Amino acid sequence: MQKKDVGLLTIIGLFIVPLVIWVFMKPLYLRFLSTETSFASLGEIAGLFGIMGISIVVILSARLKFLEDYFGGYDRVYSIHHTLGVISFLALLIHPISLALQYAQVSVIDAAWLFIPSSDVAITLGIISLLLMMIVLSVTMFAHRFSYRVLKTIHSSFGAALLLGGVHGFLVPSDISRNSFMKFYVIGIVVIALGAYAYRTLLGRWLVKRHVYGIEQVNTPVPGVTEVVLLPVDKRINHKPGQFVFVSFDDPNVFNEPHPFSISSAPHEDVLRLTIKGLGDFTSTLGKLSVGSHALIEGPFGQFVYSNHENKHQIWIAGGVGVTPFLDMARDLCHRKPEGYSVDFFYTVRNAPEALFYQELSSMSDQYNGFRFIPYFSDGYGFLNAQAVATMSGGLFGKEIFVCGPPPMMNSLVGQFTAGGVSKKVIHFELFKML
């Protein structure tokens, strides 16, 4: 078992433990003896999985740095975070509906009372918790329709929903609440999640380690792209080539909210460079940043690091602004000039004017024979495909492959590589759709 699989297997194990106990607490034929008991059992296990799943989602969203080693990078952490969030959301919907169907076998009025706040504290807390979670998770599922600031504000209420849901689970009578181990097992996970929420959301200003940098330059290498050059005010961060950071700017001209950006400067440089394409409300305003204002840097994060792998025969593929982590990697590689490396760097854009740092990359290719820069213009050649990469790179096998760019491009190339027999273990990519 690889270290990067430990995280997912741990999550699966966390669900298996209470499920096994629940199965052996009462014979299954009694749990599903009738329609009424079947709905009761389904509602009970859905509630258990729902509150546990949401708790784990909160833990994953806290950006605890040590977690990425156990998931194989933060793109995988957030992919699992999103998938588990959807599953948990569905479980939380099934929970009251199943219980209502159980009560409806006797009385429809009794079933309706499950959705109406009353003097029953446990049920009322459950209703409020579910409504809050439904709002937060529904907004998250349609995140592309909301601004980053709205999403962050709505997510800040998630801790209250989780707390109320945990208390609801503790108070409501069920097989789970009557079993001491099960009860404290679930409570323990909820408490850890609340601690992670407090660390990130409530106390993050004081507990989360951030470095203060000053803005030295704000450049526009090509239209629509901003390069921000920063110098450390206190201690500089130590990063590996290919990693990224979360950055918030203390500047009246832009929103003060953290966003993930790849580092485009090499580790040996005194400055920290961020090369950012204006894709949304926030990134399109970064050209207005003032020289002399400050930025808070959290990180570094990420496993998209060429030097983490023993195999020195590598293929790098960048699409558009996905070149930024490769700039960091190329600058580091061509500065150190280590022996044994053979890197083919494919940079695909529509045409030459869109290519960021074209001259610098060409110059590095001329100065170090272990690095070959291969620009690929889709206006002339069409979209880059696995066959073209294999032809120009002398084959795909026996090499590490790194891909970064628009998700459709990445999904297409990765699919073509794997369909051609390339192992997923040697294909590396990192996405930044993070909240």
# chains A, B, ... in the order shown; residues from 1 in each chain; ligands from 1
>>> residues_around(residues="A:Gly322", least_positions_apart="2", cutoff="6 Å", atoms="only C-alpha atoms", output="JSON list (two decimals) with N, CA and C atoms, in the first residue's frame")
[["chain", "number", "residue", "atom", "x", "y", "z"],
["A", 318, "ALA", "N", 2.04, 21.51, -20.58],
["A", 318, "ALA", "CA", 1.31, 22.66, -20.06],
["A", 318, "ALA", "C", 0.34, 23.18, -21.10],
["A", 319, "GLY", "N", -0.83, 23.57, -20.66],
["A", 319, "GLY", "CA", -1.81, 24.20, -21.54],
["A", 319, "GLY", "C", -2.17, 25.57, -21.01],
["A", 320, "GLY", "N", -1.95, 26.61, -21.81],
["A", 320, "GLY", "CA", -2.30, 27.97, -21.40],
["A", 320, "GLY", "C", -1.57, 28.40, -20.15],
["A", 324, "THR", "N", 2.40, 27.83, -15.33],
["A", 324, "THR", "CA", 3.02, 28.45, -14.14],
["A", 324, "THR", "C", 3.81, 27.50, -13.27],
["A", 404, "CYS", "N", -0.57, 19.91, -16.71],
["A", 404, "CYS", "CA", -1.29, 20.97, -16.02],
["A", 404, "CYS", "C", -1.88, 21.91, -17.07],
["A", 405, "GLY", "N", -3.17, 22.20, -16.95],
["A", 405, "GLY", "CA", -3.83, 23.07, -17.90],
["A", 405, "GLY", "C", -5.33, 23.03, -17.69]]
>>> select_by_dssp(residues="stretch 38-197 of chain A", states="alpha helix (DSSP H)", output="JSON, numbers by chain")
{"A": [38, 39, 40, 41, 42, 43, 44, 45, 46, 47, 48, 49, 50, 51, 52, 53, 54, 55, 56, 57, 58, 59, 60, 67, 68, 69, 70, 71, 74, 75, 76, 77, 78, 79, 80, 81, 82, 83, 84, 85, 86, 87, 88, 89, 90, 91, 92, 93, 94, 95, 96, 97, 98, 99, 100, 101, 102, 103, 104, 108, 109, 110, 111, 112, 121, 122, 123, 124, 125, 126, 127, 128, 129, 130, 131, 132, 133, 134, 135, 136, 137, 138, 139, 140, 141, 148, 149, 150, 151, 152, 153, 154, 155, 158, 159, 160, 161, 162, 163, 164, 165, 166, 167, 168, 169, 170, 171, 175, 176, 177, 178, 180, 181, 182, 183, 184, 185, 186, 187, 188, 189, 190, 191, 192, 193, 194, 195, 196, 197]}
>>> closest_residue(among="A:Gln359, A:Asn311, A:Gln217, A:Thr348", to="A:Gly292", atoms="only C-alpha atoms")
A:Gln217
>>> residues_around(residues="A:Val58", least_positions_apart="3", cutoff="9 Å", atoms="only C-alpha atoms", output="MDAnalysis selection string")
chainID A and resid 53:55 61:62 81 158:159 162 193:194 196:197
>>> closest_residue(among="A:Asn179, A:Thr285, A:Val403, A:Tyr376", to="A:Val218", atoms="only C-alpha atoms")
A:Thr285
>>> residues_around(residues="A:Asn385", least_positions_apart="3", cutoff="7 Å", atoms="only C-alpha atoms", output="ChimeraX atom specification")
/A:388-389,413
>>> residues_around(residues="A:Leu42", least_positions_apart="3", cutoff="12 Å", atoms="only C-alpha atoms", output="number ranges by chain")
A: 22, 28, 31-32, 35-39, 45-50, 91-102
>>> residues_around(residues="A:Glu298", least_positions_apart="6", cutoff="8 Å", atoms="only C-alpha atoms", output="list in words")
Val208, Lys209, Arg210, His211, Val245, Phe246 and Val247 of chain A
>>> write_last_selection(atoms="C-alpha atoms", output="PDB file, in the first residue's frame")
ATOM      1  CA  VAL A 208      -2.932  29.364  10.762  1.00  0.00           C
ATOM      2  CA  LYS A 209       0.704  30.084   9.927  1.00  0.00           C
ATOM      3  CA  ARG A 210       1.055  32.736   7.219  1.00  0.00           C
ATOM      4  CA  HIS A 211       4.042  34.673   5.908  1.00  0.00           C
ATOM      5  CA  VAL A 245       0.345  28.701  -2.056  1.00  0.00           C
ATOM      6  CA  PHE A 246      -2.833  30.319  -0.783  1.00  0.00           C
ATOM      7  CA  VAL A 247      -2.554  34.095  -1.067  1.00  0.00           C
TER       8      VAL A 247
END
>>> residues_around(residues="A:Lys337", least_positions_apart="3", cutoff="10 Å", atoms="only C-alpha atoms", output="short mmCIF file (atom, residue, chain, number, x, y, z; two decimals) with C-alpha atoms, in the first residue's frame")
data_model
loop_
_atom_site.label_atom_id
_atom_site.label_comp_id
_atom_site.auth_asym_id
_atom_site.auth_seq_id
_atom_site.Cartn_x
_atom_site.Cartn_y
_atom_site.Cartn_z
CA ARG A 331 13.82 27.60 -13.67
CA ASP A 332 14.92 25.27 -10.89
CA LEU A 333 16.05 22.49 -13.24
CA CYS A 334 18.02 24.79 -15.55
CA GLY A 340 20.88 12.51 -15.81
CA TYR A 341 17.73 14.51 -16.50
CA GLN A 367 21.61 26.45 -22.19
CA TYR A 368 20.87 23.02 -20.68
CA ASN A 369 20.68 19.93 -22.86
CA GLY A 370 18.66 18.04 -20.24
CA PHE A 371 15.70 20.32 -20.96
#
>>> atom_distance(atom1="atom CA of A:Thr226", atom2="atom CA of A:Ile276")
5.2 Å
>>> atom_distance(atom1="atom CA of A:Trp316", atom2="atom CA of A:Val414")
12.5 Å
>>> atom_distance(atom1="atom CA of A:Thr391", atom2="atom CA of A:Met409")
18.6 Å
>>> select_by_dssp(residues="stretch 143-351 of chain A", states="strand (DSSP E)", output="PyMOL selection string")
chain A and resi 211-219+225-232+244-250+259-262+272-277+294-301+313-319+342-349
>>> closest_residue(among="A:Ser34, A:Asn219, A:Thr124, A:Thr201", to="A:Ser156", atoms="only C-alpha atoms")
A:Thr201
>>> decode(residues="stretch 274-343 of chain A", atoms="C-alpha atoms", output="compact mmCIF listing (two decimals), in the first residue's frame")
# COMPACT_ATOMS: atom_id res chain seq x y z
CA LEU A 274 2.87 34.37 -9.04
CA THR A 275 1.69 34.32 -12.66
CA ILE A 276 -2.11 34.58 -12.76
CA LYS A 277 -4.63 34.62 -15.58
CA GLY A 278 -7.70 36.84 -15.12
CA LEU A 279 -10.50 34.26 -15.17
CA GLY A 280 -12.99 35.65 -12.64
CA ASP A 281 -14.09 38.60 -10.50
CA PHE A 282 -11.05 38.32 -8.25
CA THR A 283 -8.21 37.40 -10.59
CA SER A 284 -9.25 39.98 -13.18
CA THR A 285 -8.62 42.76 -10.64
CA LEU A 286 -5.08 41.74 -9.67
CA GLY A 287 -3.55 44.14 -12.17
CA LYS A 288 -4.77 46.91 -9.86
CA LEU A 289 -2.53 45.77 -6.99
CA SER A 290 -0.34 48.52 -5.58
CA VAL A 291 3.43 48.16 -5.25
CA GLY A 292 4.26 48.36 -1.55
CA SER A 293 1.06 46.70 -0.28
CA HIS A 294 1.23 43.36 1.50
CA ALA A 295 0.19 39.78 0.91
CA LEU A 296 -0.34 36.92 3.35
CA ILE A 297 1.09 33.62 2.08
CA GLU A 298 -0.01 30.23 3.42
CA GLY A 299 1.84 27.15 2.31
CA PRO A 300 3.50 25.76 0.33
CA PHE A 301 1.23 22.88 -0.69
CA GLY A 302 1.18 20.28 -3.43
CA GLN A 303 2.81 17.07 -4.70
CA PHE A 304 3.22 18.25 -8.30
CA VAL A 305 7.02 18.21 -7.92
CA TYR A 306 9.31 16.75 -10.57
CA SER A 307 12.18 16.20 -8.12
CA ASN A 308 10.02 13.94 -5.92
CA HIS A 309 10.47 11.14 -8.45
CA GLU A 310 13.58 9.03 -9.02
CA ASN A 311 12.88 8.65 -12.73
CA LYS A 312 14.69 11.53 -14.44
CA HIS A 313 13.17 10.85 -17.86
CA GLN A 314 10.11 13.05 -17.84
CA ILE A 315 7.48 14.66 -20.07
CA TRP A 316 5.93 17.94 -18.99
CA ILE A 317 2.76 19.20 -20.69
CA ALA A 318 1.31 22.66 -20.06
CA GLY A 319 -1.81 24.20 -21.54
CA GLY A 320 -2.30 27.97 -21.40
CA VAL A 321 -1.72 29.45 -17.95
CA GLY A 322 -1.09 25.90 -16.70
CA VAL A 323 2.52 26.75 -17.54
CA THR A 324 3.02 28.45 -14.14
CA PRO A 325 4.15 25.42 -12.09
CA PHE A 326 6.38 24.39 -14.99
CA LEU A 327 8.05 27.81 -15.00
CA ASP A 328 9.03 27.13 -11.41
CA MET A 329 10.23 23.64 -12.29
CA ALA A 330 12.11 24.70 -15.43
CA ARG A 331 13.82 27.60 -13.67
CA ASP A 332 14.92 25.27 -10.89
CA LEU A 333 16.05 22.49 -13.24
CA CYS A 334 18.02 24.79 -15.55
CA HIS A 335 19.59 26.63 -12.62
CA ARG A 336 20.86 23.47 -10.92
CA LYS A 337 21.60 21.53 -14.14
CA PRO A 338 21.55 18.13 -12.40
CA GLU A 339 23.04 15.15 -14.23
CA GLY A 340 20.88 12.51 -15.81
CA TYR A 341 17.73 14.51 -16.50
CA SER A 342 15.96 14.33 -19.85
CA VAL A 343 12.86 16.53 -19.84
